[in-house]
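Colleague: Sharing a structure with you now.
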Amino acid sequence: MACSSSVQDIAALGWQVLALDVFIVASTFTLAVLLGQRWLGLDRRTAALIGAGSAICGAAAVLASAPVVRARAHDVGVAVATVVVFGTLGMALYPWLGQWLWPDGLETALGYGIYTGATVHEVAQVVVAGSAVSAAAAHTAVITKMLRVLLLAPFLLLLSWWLGRVPQGAAARQPLAVPWFALGFLAVVGLHSSGLLPERVVQWAYSLTRCC
């Protein structure tokens, strides 16, 4: 089964998956900030970075959020280590958890894939956790995950507003980190959906993903 994605694949998951991703991002970030500050004694910058990494795409989200929260190197290091450790644990535990929660064949591929893509931190960790169950689960997980990654840009804007860091002048401006790999994903999805690529090119590209 090919794991290439098309507009039809994304549409097949429905708006509910996008709504789930939005809920996961909002709730995970909020809980990380509240629990991190009140229960764990973290400062707001570290808690916000951990929340961003856990909610969206791991270390990439931490590094993208660092200029917005004006984080120190120490804050970034703690946040990256946290999301990598817990993401790696999730990558190892999710296949076992998926078999326990969804023991019924085809429904496992869909339910487990959506669950994995909506909650595991890093894109690579999603691929590994999904592939451990089935190619169908990995396919669904990656699409769900990339929809979640696309929320990074609006998240950074909202984070800037929430922290009261809206720049007052040109000298204070921080460049907004654009998730180029997510936009590239959308571009490839559009190209694949257009039907312009010969089938042998599609199969060649898919073979590269399997060997690399």
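Residue numbers start at 1 in each chain; chains themselves are named A, B, ... in the order of the structure tokens; ligands are numbered from 1 in the order shown.
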Using only C-alpha atoms, what table do you get, as a Markdown table, when you list each residue of range 56-172 of chain A with an atom no more than 12 Å from range 22-34 of chain A, its nearest pair of atoms, and their distance in Å rounded to one decimal, rows by chain then rising number?

Modeller:
```
| residue | atom | partner | partner_atom | distance |
| --- | --- | --- | --- | --- |
| A:Ile56 | CA | A:Val25 | CA | 6.2 |
| A:Cys57 | CA | A:Val25 | CA | 9.9 |
| A:Gly58 | CA | A:Val25 | CA | 11.9 |
| A:Ala61 | CA | A:Val25 | CA | 11.5 |
| A:Val62 | CA | A:Phe29 | CA | 11.8 |
| A:Ala79 | CA | A:Ala32 | CA | 11.2 |
| A:Thr82 | CA | A:Ala32 | CA | 11.6 |
| A:Val83 | CA | A:Ala32 | CA | 11.5 |
| A:Ile114 | CA | A:Ile24 | CA | 11.7 |
| A:Tyr115 | CA | A:Ile24 | CA | 10.4 |
| A:Thr116 | CA | A:Ile24 | CA | 11.7 |
| A:Gly117 | CA | A:Ile24 | CA | 10.6 |
| A:Ala118 | CA | A:Ile24 | CA | 6.9 |
| A:Thr119 | CA | A:Ile24 | CA | 7.3 |
| A:Val120 | CA | A:Ile24 | CA | 10.7 |
| A:His121 | CA | A:Val25 | CA | 10.8 |
| A:Thr144 | CA | A:Val22 | CA | 11.1 |
| A:Lys145 | CA | A:Ile24 | CA | 11.2 |
| A:Leu147 | CA | A:Val22 | CA | 9.3 |
| A:Arg148 | CA | A:Val22 | CA | 7.3 |
| A:Val149 | CA | A:Val25 | CA | 9.7 |
| A:Leu150 | CA | A:Val22 | CA | 10.3 |
| A:Leu151 | CA | A:Val22 | CA | 7.6 |
| A:Leu152 | CA | A:Val25 | CA | 9.3 |
| A:Pro154 | CA | A:Val22 | CA | 10.7 |
| A:Phe155 | CA | A:Val25 | CA | 8.6 |
| A:Leu156 | CA | A:Val25 | CA | 11.8 |
| A:Leu158 | CA | A:Ala26 | CA | 10.6 |
| A:Leu159 | CA | A:Phe29 | CA | 10.2 |
| A:Trp162 | CA | A:Thr30 | CA | 11.6 |
```

Colleague: Compile the contact shell of Arg70 in chain A as a PyMOL selection string: residues with an atom at most 12 Å away, counting only C-alpha atoms, same-chain residues fewer than 2 positions apart removed.

Modeller: chain A and resi 44-46+48-49+62-68+72-76+159-160+163-165+172-174

Colleague: So that I can check the surroundings of range 132-142 of chain A, please list as a PyMOL selection string every protein, DNA and RNA residue that reaches within 7 Å of it, counting only C-alpha atoms and ignoring chain neighbours fewer than 3 positions away.

Modeller: chain A and resi 1+3+95+109-110+112-114+116-117+126-129+145-146

Colleague: Any chance you can output those residues with N, CA and C atoms as a compact mmCIF listing (two decimals), in the first residue's frame?

Modeller:
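Output file result.txt follows:
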```txt
# COMPACT_ATOMS: atom_id res chain seq x y z
N MET A 1 0.84 -1.20 0.00
CA MET A 1 0.00 0.00 0.00
C MET A 1 0.87 1.25 0.00
N CYS A 3 1.97 5.04 0.56
CA CYS A 3 1.70 5.99 1.63
C CYS A 3 1.67 7.42 1.12
N PRO A 95 2.35 1.56 19.99
CA PRO A 95 1.93 0.31 19.32
C PRO A 95 1.27 -0.68 20.27
N ALA A 109 -6.46 0.62 12.16
CA ALA A 109 -5.65 1.46 11.27
C ALA A 109 -6.15 2.90 11.31
N LEU A 110 -7.46 3.09 11.26
CA LEU A 110 -8.02 4.45 11.25
C LEU A 110 -7.94 5.10 12.62
N TYR A 112 -6.29 4.21 15.43
CA TYR A 112 -4.93 4.33 15.95
C TYR A 112 -4.14 5.38 15.19
N GLY A 113 -4.32 5.43 13.87
CA GLY A 113 -3.60 6.41 13.08
C GLY A 113 -3.96 7.84 13.46
N ILE A 114 -5.25 8.10 13.63
CA ILE A 114 -5.69 9.45 14.02
C ILE A 114 -5.18 9.78 15.42
N THR A 116 -2.56 8.58 16.99
CA THR A 116 -1.11 8.77 16.97
C THR A 116 -0.74 10.10 16.34
N GLY A 117 -1.33 10.42 15.19
CA GLY A 117 -1.00 11.67 14.52
C GLY A 117 -1.41 12.89 15.30
N VAL A 126 5.91 9.85 14.78
CA VAL A 126 4.59 9.45 14.27
C VAL A 126 4.74 8.35 13.23
N VAL A 127 5.70 8.52 12.33
CA VAL A 127 5.93 7.53 11.28
C VAL A 127 6.30 6.18 11.90
N VAL A 128 7.20 6.20 12.87
CA VAL A 128 7.63 4.94 13.49
C VAL A 128 6.49 4.29 14.26
N ALA A 129 5.77 5.07 15.07
CA ALA A 129 4.68 4.52 15.86
C ALA A 129 3.55 4.00 14.98
N LYS A 145 -1.02 14.17 11.47
CA LYS A 145 0.08 14.92 12.06
C LYS A 145 0.40 16.17 11.25
N MET A 146 0.44 16.06 9.92
CA MET A 146 0.79 17.22 9.11
C MET A 146 -0.29 18.30 9.18
```

Colleague: Considering only C-alpha atoms, state which residue in the set A:Leu13, A:Ser131, A:Gln37, A:Leu89 is at the smallest distance from Gly111 in chain A.

Modeller: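 Of all the options, A:Leu13 lies closest to Gly111 in chain A.
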